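Source file: input_33.cif (mmCIF, C-alpha atoms and all ligand atoms)
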```cif
data_entry
loop_
_atom_site.group_PDB
_atom_site.id
_atom_site.type_symbol
_atom_site.label_atom_id
_atom_site.label_comp_id
_atom_site.auth_asym_id
_atom_site.auth_seq_id
_atom_site.Cartn_x
_atom_site.Cartn_y
_atom_site.Cartn_z
ATOM 1 C CA MET A 1 85.237 142.982 223.779
ATOM 2 C CA SER A 2 87.294 142.655 226.937
ATOM 3 C CA LYS A 3 89.392 145.777 226.529
ATOM 4 C CA GLU A 4 87.650 149.115 226.282
ATOM 5 C CA LEU A 5 88.710 151.945 224.037
ATOM 6 C CA HIS A 6 90.852 154.080 226.265
ATOM 7 C CA ILE A 7 93.602 156.274 224.893
ATOM 8 C CA HIS A 8 95.657 157.923 227.547
ATOM 9 C CA TRP A 9 96.671 161.588 227.275
ATOM 10 C CA TYR A 10 99.421 163.414 229.103
ATOM 11 C CA PRO A 11 98.238 166.945 230.026
ATOM 12 C CA GLY A 12 101.697 168.103 231.252
ATOM 13 C CA HIS A 13 103.134 167.276 227.863
ATOM 14 C CA ILE A 14 100.443 169.330 226.138
ATOM 15 C CA ALA A 15 101.240 172.498 228.094
ATOM 16 C CA LYS A 16 104.947 172.112 227.297
ATOM 17 C CA ALA A 17 104.285 171.438 223.626
ATOM 18 C CA GLU A 18 102.060 174.525 223.381
ATOM 19 C CA ARG A 19 104.754 176.659 225.009
ATOM 20 C CA GLN A 20 107.456 175.411 222.626
ATOM 21 C CA LEU A 21 105.189 175.933 219.661
ATOM 22 C CA LYS A 22 104.390 179.510 220.706
ATOM 23 C CA GLU A 23 108.102 180.353 220.979
ATOM 24 C CA LYS A 24 108.671 179.239 217.419
ATOM 25 C CA LEU A 25 105.530 180.914 216.114
ATOM 26 C CA ASN A 26 106.905 184.271 217.249
ATOM 27 C CA LEU A 27 109.666 183.888 214.664
ATOM 28 C CA VAL A 28 107.536 183.521 211.561
ATOM 29 C CA ASP A 29 105.223 185.503 209.299
ATOM 30 C CA VAL A 30 103.250 182.537 207.989
ATOM 31 C CA VAL A 31 102.380 179.048 209.190
ATOM 32 C CA ILE A 32 102.081 175.957 207.015
ATOM 33 C CA GLU A 33 99.785 173.558 208.887
ATOM 34 C CA VAL A 34 100.021 169.936 207.762
ATOM 35 C CA ARG A 35 97.077 167.598 208.320
ATOM 36 C CA ASP A 36 96.504 163.973 207.461
ATOM 37 C CA ALA A 37 94.051 163.840 204.546
ATOM 38 C CA ARG A 38 92.521 160.646 205.980
ATOM 39 C CA ILE A 39 91.312 162.666 208.985
ATOM 40 C CA PRO A 40 91.141 166.309 207.857
ATOM 41 C CA LEU A 41 89.383 167.430 211.039
ATOM 42 C CA SER A 42 90.691 165.033 213.664
ATOM 43 C CA SER A 43 94.294 165.886 212.743
ATOM 44 C CA SER A 44 93.653 169.538 213.570
ATOM 45 C CA TYR A 45 93.960 171.098 216.971
ATOM 46 C CA THR A 46 91.009 172.714 218.710
ATOM 47 C CA ASN A 47 93.198 175.582 219.945
ATOM 48 C CA ILE A 48 94.926 176.261 216.637
ATOM 49 C CA LYS A 49 93.173 179.553 215.880
ATOM 50 C CA LYS A 50 93.919 180.871 219.360
ATOM 51 C CA LEU A 51 97.536 179.756 219.116
ATOM 52 C CA LEU A 52 98.073 181.449 215.774
ATOM 53 C CA GLY A 53 96.211 184.658 216.499
ATOM 54 C CA GLU A 54 96.347 186.859 213.411
ATOM 55 C CA LYS A 55 99.144 184.867 211.790
ATOM 56 C CA PRO A 56 98.230 183.746 208.253
ATOM 57 C CA ARG A 57 97.942 179.998 207.785
ATOM 58 C CA LEU A 58 98.232 177.712 204.793
ATOM 59 C CA LEU A 59 96.592 174.301 205.179
ATOM 60 C CA LEU A 60 98.090 171.183 203.590
ATOM 61 C CA LEU A 61 96.056 167.984 203.351
ATOM 62 C CA ASN A 62 98.988 165.599 203.147
ATOM 63 C CA LYS A 63 99.071 161.849 202.400
ATOM 64 C CA ALA A 64 96.570 162.602 199.657
ATOM 65 C CA ASP A 65 97.808 159.467 197.891
ATOM 66 C CA LEU A 66 96.015 157.453 200.611
ATOM 67 C CA VAL A 67 92.533 158.904 199.979
ATOM 68 C CA ASP A 68 90.023 159.205 197.177
ATOM 69 C CA LYS A 69 90.856 162.299 195.089
ATOM 70 C CA GLU A 70 87.248 163.224 194.298
ATOM 71 C CA GLU A 71 86.174 162.949 197.926
ATOM 72 C CA LEU A 72 89.114 165.081 198.961
ATOM 73 C CA LYS A 73 87.941 167.877 196.645
ATOM 74 C CA THR A 74 84.794 168.226 198.772
ATOM 75 C CA TRP A 75 86.951 168.571 201.858
ATOM 76 C CA VAL A 76 89.180 171.178 200.234
ATOM 77 C CA LYS A 77 86.098 173.241 199.386
ATOM 78 C CA TYR A 78 84.676 172.860 202.897
ATOM 79 C CA LEU A 79 87.940 173.739 204.652
ATOM 80 C CA LYS A 80 88.569 176.721 202.379
ATOM 81 C CA GLU A 81 85.108 178.068 203.157
ATOM 82 C CA THR A 82 85.196 177.496 206.905
ATOM 83 C CA THR A 83 88.822 178.302 207.772
ATOM 84 C CA LYS A 84 89.223 181.081 205.163
ATOM 85 C CA CYS A 85 92.733 179.698 204.568
ATOM 86 C CA PRO A 86 94.169 178.456 201.266
ATOM 87 C CA VAL A 87 94.074 174.648 201.236
ATOM 88 C CA ILE A 88 96.498 172.535 199.185
ATOM 89 C CA VAL A 89 96.470 168.791 198.664
ATOM 90 C CA THR A 90 99.948 167.214 198.953
ATOM 91 C CA ASP A 91 101.720 163.886 198.725
ATOM 92 C CA ALA A 92 105.035 164.519 200.408
ATOM 93 C CA LYS A 93 106.250 161.048 199.446
ATOM 94 C CA GLY A 94 105.391 161.500 195.772
ATOM 95 C CA SER A 95 107.422 163.007 192.968
ATOM 96 C CA LYS A 96 105.450 166.233 192.448
ATOM 97 C CA ASP A 97 107.155 169.356 193.785
ATOM 98 C CA LEU A 98 105.579 171.738 196.267
ATOM 99 C CA ALA A 99 105.911 174.927 194.195
ATOM 100 C CA LEU A 100 102.269 175.800 194.904
ATOM 101 C CA VAL A 101 102.961 175.643 198.633
ATOM 102 C CA VAL A 102 105.890 178.054 198.249
ATOM 103 C CA LYS A 103 103.820 180.460 196.156
ATOM 104 C CA ASN A 104 100.915 180.476 198.602
ATOM 105 C CA ALA A 105 103.186 180.948 201.617
ATOM 106 C CA VAL A 106 104.883 183.920 199.931
ATOM 107 C CA ASP A 107 101.525 185.458 198.985
ATOM 108 C CA LEU A 108 100.125 185.037 202.503
ATOM 109 C CA ALA A 109 103.126 186.766 204.058
ATOM 110 C CA GLU A 110 103.182 189.662 201.601
ATOM 111 C CA PRO A 111 100.931 192.024 203.632
ATOM 112 C CA LYS A 112 103.303 191.648 206.606
ATOM 113 C CA ILE A 113 106.347 192.320 204.409
ATOM 114 C CA GLN A 114 104.603 195.358 202.893
ATOM 115 C CA ALA A 115 103.787 196.622 206.386
ATOM 116 C CA LEU A 116 107.465 196.343 207.381
ATOM 117 C CA MET A 117 108.516 198.195 204.231
ATOM 118 C CA SER A 118 106.015 200.950 204.895
ATOM 119 C CA LYS A 119 107.867 201.502 208.183
ATOM 120 C CA GLY A 120 111.041 202.126 206.201
ATOM 121 C CA LEU A 121 112.600 198.657 206.457
ATOM 122 C CA LEU A 122 114.158 196.937 203.460
ATOM 123 C CA ARG A 123 112.281 194.060 201.861
ATOM 124 C CA ARG A 124 113.246 190.701 203.351
ATOM 125 C CA PRO A 125 112.164 187.136 202.536
ATOM 126 C CA ALA A 126 109.007 185.946 204.262
ATOM 127 C CA ARG A 127 109.587 183.569 207.187
ATOM 128 C CA ALA A 128 107.571 180.388 207.393
ATOM 129 C CA MET A 129 107.384 177.271 209.510
ATOM 130 C CA VAL A 130 105.652 173.927 209.201
ATOM 131 C CA VAL A 131 103.413 172.763 212.055
ATOM 132 C CA GLY A 132 101.249 169.715 212.600
ATOM 133 C CA MET A 133 100.486 166.736 214.756
ATOM 134 C CA PRO A 134 102.939 163.835 214.992
ATOM 135 C CA ASN A 135 103.346 161.693 211.880
ATOM 136 C CA VAL A 136 101.242 163.821 209.519
ATOM 137 C CA GLY A 137 104.295 164.319 207.299
ATOM 138 C CA LYS A 138 105.824 167.595 208.557
ATOM 139 C CA SER A 139 109.450 166.484 208.112
ATOM 140 C CA SER A 140 108.675 165.034 204.693
ATOM 141 C CA VAL A 141 107.147 168.358 203.625
ATOM 142 C CA ILE A 142 110.172 170.272 204.949
ATOM 143 C CA ASN A 143 112.542 167.884 203.166
ATOM 144 C CA LYS A 144 110.689 168.351 199.926
ATOM 145 C CA LEU A 145 110.592 172.129 200.242
ATOM 146 C CA THR A 146 114.284 172.368 201.079
ATOM 147 C CA LYS A 147 115.569 169.651 198.743
ATOM 148 C CA SER A 148 116.559 171.947 195.911
ATOM 149 C CA SER A 149 117.940 174.587 198.262
ATOM 150 C CA LYS A 150 121.429 174.239 199.641
ATOM 151 C CA THR A 151 121.333 177.604 201.366
ATOM 152 C CA LYS A 152 121.371 177.233 205.118
ATOM 153 C CA ILE A 153 121.359 180.781 206.345
ATOM 154 C CA GLY A 154 122.090 180.015 209.948
ATOM 155 C CA ALA A 155 120.695 181.184 213.203
ATOM 156 C CA LYS A 156 118.908 184.481 213.605
ATOM 157 C CA ALA A 157 118.570 186.292 216.883
ATOM 158 C CA GLY A 158 116.543 184.284 219.350
ATOM 159 C CA VAL A 159 116.816 181.045 217.440
ATOM 160 C CA THR A 160 118.795 178.232 219.007
ATOM 161 C CA ARG A 161 121.562 176.701 216.978
ATOM 162 C CA GLN A 162 119.527 173.532 216.389
ATOM 163 C CA GLN A 163 117.032 175.601 214.421
ATOM 164 C CA GLN A 164 118.230 176.754 211.047
ATOM 165 C CA TRP A 165 116.592 178.810 208.363
ATOM 166 C CA VAL A 166 116.769 177.524 204.852
ATOM 167 C CA ARG A 167 116.363 179.922 201.932
ATOM 168 C CA ILE A 168 113.780 178.244 199.690
ATOM 169 C CA ASN A 169 113.930 181.100 197.170
ATOM 170 C CA PRO A 170 114.675 184.854 197.371
ATOM 171 C CA LYS A 171 111.188 185.413 198.759
ATOM 172 C CA LEU A 172 110.937 182.647 201.367
ATOM 173 C CA ASP A 173 112.939 181.371 204.334
ATOM 174 C CA LEU A 174 111.761 178.228 206.115
ATOM 175 C CA LEU A 175 112.560 177.049 209.608
ATOM 176 C CA ASP A 176 114.111 173.620 209.110
ATOM 177 C CA THR A 177 112.441 171.987 212.133
ATOM 178 C CA PRO A 178 108.675 171.674 212.449
ATOM 179 C CA GLY A 179 106.430 172.858 215.260
ATOM 180 C CA ILE A 180 104.666 169.948 216.858
ATOM 181 C CA ILE A 181 101.006 170.443 217.580
ATOM 182 C CA PRO A 182 100.083 168.412 220.648
ATOM 183 C CA THR A 183 97.605 165.606 220.065
ATOM 184 C CA LYS A 184 95.231 166.845 222.730
ATOM 185 C CA GLN A 185 91.749 165.900 221.704
ATOM 186 C CA ASP A 186 88.371 166.383 223.212
ATOM 187 C CA ASN A 187 87.063 162.870 222.849
ATOM 188 C CA GLN A 188 88.102 159.254 222.505
ATOM 189 C CA LEU A 189 86.779 158.921 218.978
ATOM 190 C CA GLN A 190 89.139 161.626 217.748
ATOM 191 C CA ALA A 191 91.916 160.031 219.772
ATOM 192 C CA ALA A 192 91.195 156.672 218.130
ATOM 193 C CA LYS A 193 91.350 158.262 214.672
ATOM 194 C CA LEU A 194 94.747 159.730 215.535
ATOM 195 C CA ALA A 195 95.833 156.276 216.670
ATOM 196 C CA PHE A 196 94.690 154.774 213.318
ATOM 197 C CA VAL A 197 97.091 157.104 211.489
ATOM 198 C CA SER A 198 99.955 156.618 214.018
ATOM 199 C CA SER A 199 99.718 160.134 215.360
ATOM 200 C CA VAL A 200 99.447 158.704 218.867
ATOM 201 C CA SER A 201 102.194 156.596 220.375
ATOM 202 C CA GLU A 202 101.430 152.862 220.467
ATOM 203 C CA ASN A 203 102.185 152.965 224.209
ATOM 204 C CA ALA A 204 99.031 154.999 224.762
ATOM 205 C CA TYR A 205 96.566 152.273 223.752
ATOM 206 C CA SER A 206 95.961 148.558 223.246
ATOM 207 C CA PRO A 207 95.517 147.533 219.623
ATOM 208 C CA GLU A 208 92.298 145.491 219.939
ATOM 209 C CA PRO A 209 89.807 148.229 220.919
ATOM 210 C CA VAL A 210 91.471 150.684 218.532
ATOM 211 C CA ALA A 211 91.280 148.251 215.594
ATOM 212 C CA GLN A 212 87.669 147.419 216.514
ATOM 213 C CA ALA A 213 86.873 151.153 216.598
ATOM 214 C CA LEU A 214 88.282 151.384 213.060
ATOM 215 C CA LEU A 215 86.134 148.443 211.961
ATOM 216 C CA ASP A 216 83.064 150.057 213.583
ATOM 217 C CA ILE A 217 83.624 153.324 211.715
ATOM 218 C CA LEU A 218 84.143 151.448 208.443
ATOM 219 C CA SER A 219 81.035 149.267 209.089
ATOM 220 C CA GLU A 220 78.863 152.366 209.263
ATOM 221 C CA SER A 221 80.479 154.007 206.273
ATOM 222 C CA LYS A 222 80.065 153.769 202.526
ATOM 223 C CA TYR A 223 83.315 151.773 202.503
ATOM 224 C CA MET A 224 81.745 148.766 204.302
ATOM 225 C CA ALA A 225 81.361 146.523 201.234
ATOM 226 C CA GLN A 226 84.914 147.226 200.104
ATOM 227 C CA VAL A 227 86.343 146.304 203.509
ATOM 228 C CA ALA A 228 84.182 143.177 203.798
ATOM 229 C CA ASP A 229 85.374 142.161 200.362
ATOM 230 C CA PHE A 230 89.015 142.789 201.302
ATOM 231 C CA TYR A 231 88.775 140.514 204.346
ATOM 232 C CA LYS A 232 86.294 138.100 202.710
ATOM 233 C CA ILE A 233 83.838 138.358 205.600
ATOM 234 C CA ASP A 234 80.299 139.701 206.181
ATOM 235 C CA LYS A 235 80.623 141.327 209.579
ATOM 236 C CA LEU A 236 83.568 143.531 210.486
ATOM 237 C CA THR A 237 84.811 142.279 213.850
ATOM 238 C CA LEU A 238 88.220 141.208 215.098
ATOM 239 C CA GLU A 239 86.811 137.750 215.739
ATOM 240 C CA THR A 240 85.463 137.164 212.223
ATOM 241 C CA ILE A 241 88.706 138.408 210.697
ATOM 242 C CA ALA A 242 90.811 136.286 213.082
ATOM 243 C CA LYS A 243 88.714 133.235 212.124
ATOM 244 C CA SER A 244 88.934 133.913 208.417
ATOM 245 C CA ARG A 245 92.741 134.184 208.698
ATOM 246 C CA ASN A 246 92.886 131.198 211.015
ATOM 247 C CA TRP A 247 94.782 133.198 213.615
ATOM 248 C CA ILE A 248 94.183 130.969 216.589
ATOM 249 C CA LEU A 249 96.169 130.684 219.793
ATOM 250 C CA LYS A 250 97.119 127.379 221.412
ATOM 251 C CA ALA A 251 94.130 127.167 223.731
ATOM 252 C CA ASP A 252 91.810 127.405 220.743
ATOM 253 C CA SER A 253 91.129 131.062 221.412
ATOM 254 C CA LEU A 254 91.371 133.629 218.632
ATOM 255 C CA ASP A 255 94.518 135.712 218.382
ATOM 256 C CA THR A 256 92.731 139.069 218.376
ATOM 257 C CA GLU A 257 95.861 141.038 219.268
ATOM 258 C CA ARG A 258 97.689 139.853 216.179
ATOM 259 C CA THR A 259 94.552 140.442 214.114
ATOM 260 C CA ALA A 260 94.195 143.988 215.461
ATOM 261 C CA LYS A 261 97.808 144.820 214.623
ATOM 262 C CA TYR A 262 97.376 143.514 211.083
ATOM 263 C CA ILE A 263 94.165 145.475 210.533
ATOM 264 C CA LEU A 264 95.810 148.706 211.685
ATOM 265 C CA LYS A 265 98.782 148.016 209.439
ATOM 266 C CA ASP A 266 96.545 147.205 206.461
ATOM 267 C CA PHE A 267 94.771 150.523 206.970
ATOM 268 C CA ARG A 268 97.956 152.557 207.494
ATOM 269 C CA ASP A 269 99.549 151.131 204.365
ATOM 270 C CA GLY A 270 96.427 151.945 202.348
ATOM 271 C CA ARG A 271 95.922 148.279 201.485
ATOM 272 C CA ILE A 272 92.232 148.038 202.412
ATOM 273 C CA GLY A 273 91.265 151.126 200.435
ATOM 274 C CA LYS A 274 91.422 154.904 200.224
ATOM 275 C CA PHE A 275 89.272 156.158 203.066
ATOM 276 C CA ILE A 276 88.488 159.507 204.679
ATOM 277 C CA LEU A 277 87.328 158.760 208.219
ATOM 278 C CA ASP A 278 86.027 162.188 209.269
ATOM 279 C CA GLU A 279 82.701 163.552 208.182
ATOM 280 C CA ILE A 280 81.971 167.091 207.089
ATOM 281 C CA PRO A 281 80.005 168.626 209.983
ATOM 282 C CA VAL A 282 76.641 170.070 209.107
ATOM 283 C CA ASN A 283 76.628 173.162 211.299
ATOM 284 C CA GLU A 284 80.043 173.465 212.837
ATOM 285 C CA GLU A 285 82.930 175.748 212.082
ATOM 286 C CA ALA A 286 86.233 174.026 211.299
ATOM 287 C CA ASN A 287 89.452 174.726 213.230
HETATM 288 P P1 LIG A 301 106.174 164.056 210.982
HETATM 289 O O1 LIG A 301 107.407 164.864 210.714
HETATM 290 O O2 LIG A 301 104.928 164.877 210.886
HETATM 291 O O3 LIG A 301 106.200 163.277 212.239
HETATM 292 O O4 LIG A 301 106.018 162.999 209.787
HETATM 293 P P2 LIG A 301 107.135 162.409 208.783
HETATM 294 O O5 LIG A 301 107.476 163.399 207.744
HETATM 295 O O6 LIG A 301 108.239 161.820 209.580
HETATM 296 O O7 LIG A 301 106.273 161.260 208.101
HETATM 297 C C1 LIG A 301 105.706 160.205 208.858
HETATM 298 C C2 LIG A 301 105.519 159.011 207.951
HETATM 299 O O8 LIG A 301 104.559 159.351 206.953
HETATM 300 C C3 LIG A 301 106.769 158.577 207.213
HETATM 301 O O9 LIG A 301 106.651 157.182 207.024
HETATM 302 C C4 LIG A 301 106.638 159.270 205.875
HETATM 303 O O10 LIG A 301 107.362 158.639 204.846
HETATM 304 C C5 LIG A 301 105.142 159.146 205.660
HETATM 305 N N1 LIG A 301 104.591 160.185 204.780
HETATM 306 C C6 LIG A 301 104.807 161.519 204.808
HETATM 307 N N2 LIG A 301 104.113 162.147 203.857
HETATM 308 C C7 LIG A 301 103.433 161.191 203.181
HETATM 309 C C8 LIG A 301 102.508 161.209 202.096
HETATM 310 O O11 LIG A 301 102.146 162.253 201.541
HETATM 311 N N3 LIG A 301 102.003 160.001 201.705
HETATM 312 C C9 LIG A 301 102.346 158.833 202.314
HETATM 313 N N4 LIG A 301 101.804 157.703 201.856
HETATM 314 N N5 LIG A 301 103.207 158.778 203.346
HETATM 315 C C10 LIG A 301 103.739 159.941 203.769
HETATM 316 P P3 LIG A 301 107.516 156.144 207.811
HETATM 317 O O12 LIG A 301 106.888 154.818 207.633
HETATM 318 O O13 LIG A 301 107.724 156.636 209.210
HETATM 319 O O14 LIG A 301 108.855 156.199 207.102
HETATM 320 P P4 LIG A 301 109.150 155.860 205.549
HETATM 321 O O15 LIG A 301 107.921 155.338 204.922
HETATM 322 O O16 LIG A 301 109.580 157.165 204.957
HETATM 323 O O17 LIG A 301 110.260 154.874 205.654
#
```
If you convert what's in this file into structure tokens, what do you get?
Amino acid sequence: MSKELHIHWYPGHIAKAERQLKEKLNLVDVVIEVRDARIPLSSSYTNIKKLLGEKPRLLLLNKADLVDKEELKTWVKYLKETTKCPVIVTDAKGSKDLALVVKNAVDLAEPKIQALMSKGLLRRPARAMVVGMPNVGKSSVINKLTKSSKTKIGAKAGVTRQQQWVRINPKLDLLDTPGIIPTKQDNQLQAAKLAFVSSVSENAYSPEPVAQALLDILSESKYMAQVADFYKIDKLTLETIAKSRNWILKADSLDTERTAKYILKDFRDGRIGKFILDEIPVNEEAN
């Protein structure tokens, strides 16, 4: 492989993103964190607990339509146990509503609302916001939650005019723009996984090493036979797939760039299969 796996991060951008996120977090009672169900750990942020402090958090494993339902149940159990947060599986593109998300958000915020009332304030709706890494489905979740509500209740003190609250029901107001969790990651493998699910900009990497990294993970996984069968090959490399598709450049060399782009697209569209690419850690605490 001529090109090495190298995904480039922008530290300045991370500091700014964290600052913007913190400003928004100050406005809410409860946080709805969206993750990509294909990478339930890699689509979380190492600093999330520190960023949120005591703020209650509801975890959504979104894009559940792209993974195996039974396997996802194991992850839900693991994440519930380790994060101590409620965990809900969602498909923000599907037809099912997100009533369970609304109920859980309201329940999580109730102690805060009760505390305000005990200080003599009138009951008010809980305030929530959606956060998550790029492309995990934050806007889709917001759209789904706000679809049936026409009530834009406008800016509150400290909120810029671009940010509106939408009354989801008498008990819940939602900020209509999401908080973006920066895709800072501690290692290249996590970065590659974020690239597989389009959470990292395509400008940050070349497709060949990223697609090969995907093939390497799949080769060592229980999904190997399924992938080999999909591409009708024995060994999962860009070269074997390029040959099997007859993607050859003029000078008789294999068109590995085209192959890499196709593999990534096949994966992203869920065509190869329904895969979860993270593994449940044996002795580690989840974010
Ligand atoms: P973001 O705000 O977190 O950046 O994500 P956004 O909602 O924009 O969603 C990113 C992409 O993921 C969109 O696809 C969206 O349709 C898709 N998506 C969101 N939730 C789900 C889900 O639960 N399952 C599946 N399969 N896809 C989901 P896109 O290609 O950018 O646009 P389009 O497909 O809507 O045209």
Could you make a table, as a tab-separated table, of the residues of chain A that have an atom within 9 Å of an atom of ligand LIG 301 (chain A), each with its nearest atom pair and distance in Å to one decimal, counting only C-alpha atoms and all ligand atoms, in chain and number order?
```
residue	atom	partner	partner_atom	distance
A:Val34	CA	A:LIG301	O2	7.7
A:Arg35	CA	A:LIG301	O2	8.7
A:Asp36	CA	A:LIG301	O11	8.4
A:Ala37	CA	A:LIG301	O11	8.8
A:Leu61	CA	A:LIG301	O11	8.6
A:Asn62	CA	A:LIG301	O11	4.9
A:Lys63	CA	A:LIG301	O11	3.2
A:Ala64	CA	A:LIG301	O11	5.9
A:Asp65	CA	A:LIG301	N3	5.7
A:Leu66	CA	A:LIG301	N4	5.9
A:Thr90	CA	A:LIG301	O11	6.0
A:Asp91	CA	A:LIG301	O11	3.3
A:Ala92	CA	A:LIG301	O11	3.8
A:Lys93	CA	A:LIG301	C8	4.6
A:Gly94	CA	A:LIG301	O11	6.7
A:Val131	CA	A:LIG301	O2	8.1
A:Gly132	CA	A:LIG301	O2	6.3
A:Met133	CA	A:LIG301	O2	6.2
A:Pro134	CA	A:LIG301	O3	4.3
A:Asn135	CA	A:LIG301	O3	3.3
A:Val136	CA	A:LIG301	O2	4.1
A:Gly137	CA	A:LIG301	O4	3.3
A:Lys138	CA	A:LIG301	O2	3.7
A:Ser139	CA	A:LIG301	O5	3.7
A:Ser140	CA	A:LIG301	O5	3.7
A:Val141	CA	A:LIG301	O5	6.5
A:Ile142	CA	A:LIG301	O5	7.9
A:Asn143	CA	A:LIG301	O5	8.2
A:Thr177	CA	A:LIG301	O1	8.8
A:Pro178	CA	A:LIG301	O1	7.1
A:Ile180	CA	A:LIG301	O2	7.8
A:Ser198	CA	A:LIG301	C1	8.5
A:Ser199	CA	A:LIG301	O3	7.9
A:Arg268	CA	A:LIG301	N4	8.5
A:Asp269	CA	A:LIG301	N4	7.4
A:Gly270	CA	A:LIG301	N4	7.9
```
Exercise for the section: Quote the spacing between CA of Leu60 in chain A and CA of Ile280 in chain A in Å to one decimal place. Expected result: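 Rounded to one decimal, the two atoms are 17.0 Å apart.
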Practice task
Starting from the displayed file, determine the output of the PyMOL selection byres (((chain A and resi 225-231) around 12) and not hetatm) and express the residue list as a ChimeraX atom specification.
Solution key: /A:214-224,232-245,259,262-263,266-267,270-275
Selection export as an mmCIF file, keeping the file's coordinate frame, atoms kept: C-alpha atoms:
```
data_model
loop_
_atom_site.group_PDB
_atom_site.id
_atom_site.type_symbol
_atom_site.label_atom_id
_atom_site.label_comp_id
_atom_site.auth_asym_id
_atom_site.auth_seq_id
_atom_site.Cartn_x
_atom_site.Cartn_y
_atom_site.Cartn_z
ATOM 1 C CA LEU A 214 88.282 151.384 213.060
ATOM 2 C CA LEU A 215 86.134 148.443 211.961
ATOM 3 C CA ASP A 216 83.064 150.057 213.583
ATOM 4 C CA ILE A 217 83.624 153.324 211.715
ATOM 5 C CA LEU A 218 84.143 151.448 208.443
ATOM 6 C CA SER A 219 81.035 149.267 209.089
ATOM 7 C CA GLU A 220 78.863 152.366 209.263
ATOM 8 C CA SER A 221 80.479 154.007 206.273
ATOM 9 C CA LYS A 222 80.065 153.769 202.526
ATOM 10 C CA TYR A 223 83.315 151.773 202.503
ATOM 11 C CA MET A 224 81.745 148.766 204.302
ATOM 12 C CA LYS A 232 86.294 138.100 202.710
ATOM 13 C CA ILE A 233 83.838 138.358 205.600
ATOM 14 C CA ASP A 234 80.299 139.701 206.181
ATOM 15 C CA LYS A 235 80.623 141.327 209.579
ATOM 16 C CA LEU A 236 83.568 143.531 210.486
ATOM 17 C CA THR A 237 84.811 142.279 213.850
ATOM 18 C CA LEU A 238 88.220 141.208 215.098
ATOM 19 C CA GLU A 239 86.811 137.750 215.739
ATOM 20 C CA THR A 240 85.463 137.164 212.223
ATOM 21 C CA ILE A 241 88.706 138.408 210.697
ATOM 22 C CA ALA A 242 90.811 136.286 213.082
ATOM 23 C CA LYS A 243 88.714 133.235 212.124
ATOM 24 C CA SER A 244 88.934 133.913 208.417
ATOM 25 C CA ARG A 245 92.741 134.184 208.698
ATOM 26 C CA THR A 259 94.552 140.442 214.114
ATOM 27 C CA TYR A 262 97.376 143.514 211.083
ATOM 28 C CA ILE A 263 94.165 145.475 210.533
ATOM 29 C CA ASP A 266 96.545 147.205 206.461
ATOM 30 C CA PHE A 267 94.771 150.523 206.970
ATOM 31 C CA GLY A 270 96.427 151.945 202.348
ATOM 32 C CA ARG A 271 95.922 148.279 201.485
ATOM 33 C CA ILE A 272 92.232 148.038 202.412
ATOM 34 C CA GLY A 273 91.265 151.126 200.435
ATOM 35 C CA LYS A 274 91.422 154.904 200.224
ATOM 36 C CA PHE A 275 89.272 156.158 203.066
#
```
Exercise for the section: Apply the PyMOL selection byres (((chain A and resi 41-58) around 7) and not hetatm) to the structure shown and report the selected residues as a list in words. Expected result: Asp29, Val30, Val31, Ile32, Glu33, Arg35, Asp36, Ile39, Pro40, Leu59, Leu60, Cys85, Pro86, Val87, Ala105, Leu108, Met133, Gln190, Lys193, Leu194, Asp278 and Asn287 of chain A
Exercise for the section: Skip Ala260 in chain A itself and residues of its chain fewer than 5 positions away, then list as a PyMOL selection string all residues within 8 Å of it, counting all atoms listed in the file. Expected result: chain A and resi 207-208+210-212+238
Write out as AutoDock Vina command-line options an axis-aligned box for range 52-61 of chain A: all of its atoms listed in the file, 8 Å added on each side, centre and edge lengths in Å with one decimal.
```
--center_x 97.6 --center_y 177.4 --center_z 209.9 --size_x 19.1 --size_y 34.9 --size_z 29.1
```
Exercise for the section: Could you tell me which of A:Gly179, A:Leu79, A:Arg38, A:Val102 comes closest to Asn26 in chain A if we count only C-alpha atoms? Expected result: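 Selected residue with least distance to Asn26 in chain A: A:Gly179.
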Practice task
List, as a VMD selection string, every residue that the PyMOL selection byres (((chain A and resi 146) around 12) and not hetatm) selects in the file provided.
Solution key: chain A and resid 97 to 99 102 129 to 130 139 to 145 147 to 152 164 to 169 172 to 177
Exercise for the section: Between CA of Ala286 in chain A and CA of Thr82 in chain A, measure the distance and give it in Å to one decimal. Expected result: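 About the pair CA of Ala286 in chain A and CA of Thr82 in chain A: they are 5.7 Å apart.
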Handout entry: Length of the CA of Ala128 in chain A to CA of Leu72 in chain A vector [Å]
Key =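 One can read the CA of Ala128 in chain A to CA of Leu72 in chain A distance as 25.4 Å.
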Problem - Which residue of A:Lys119, A:Lys73, A:Arg124, A:Lys22 approaches Val106 in chain A most closely, using all atoms listed in the file - result: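 For Val106 in chain A, the nearest of the given residues is A:Arg124.
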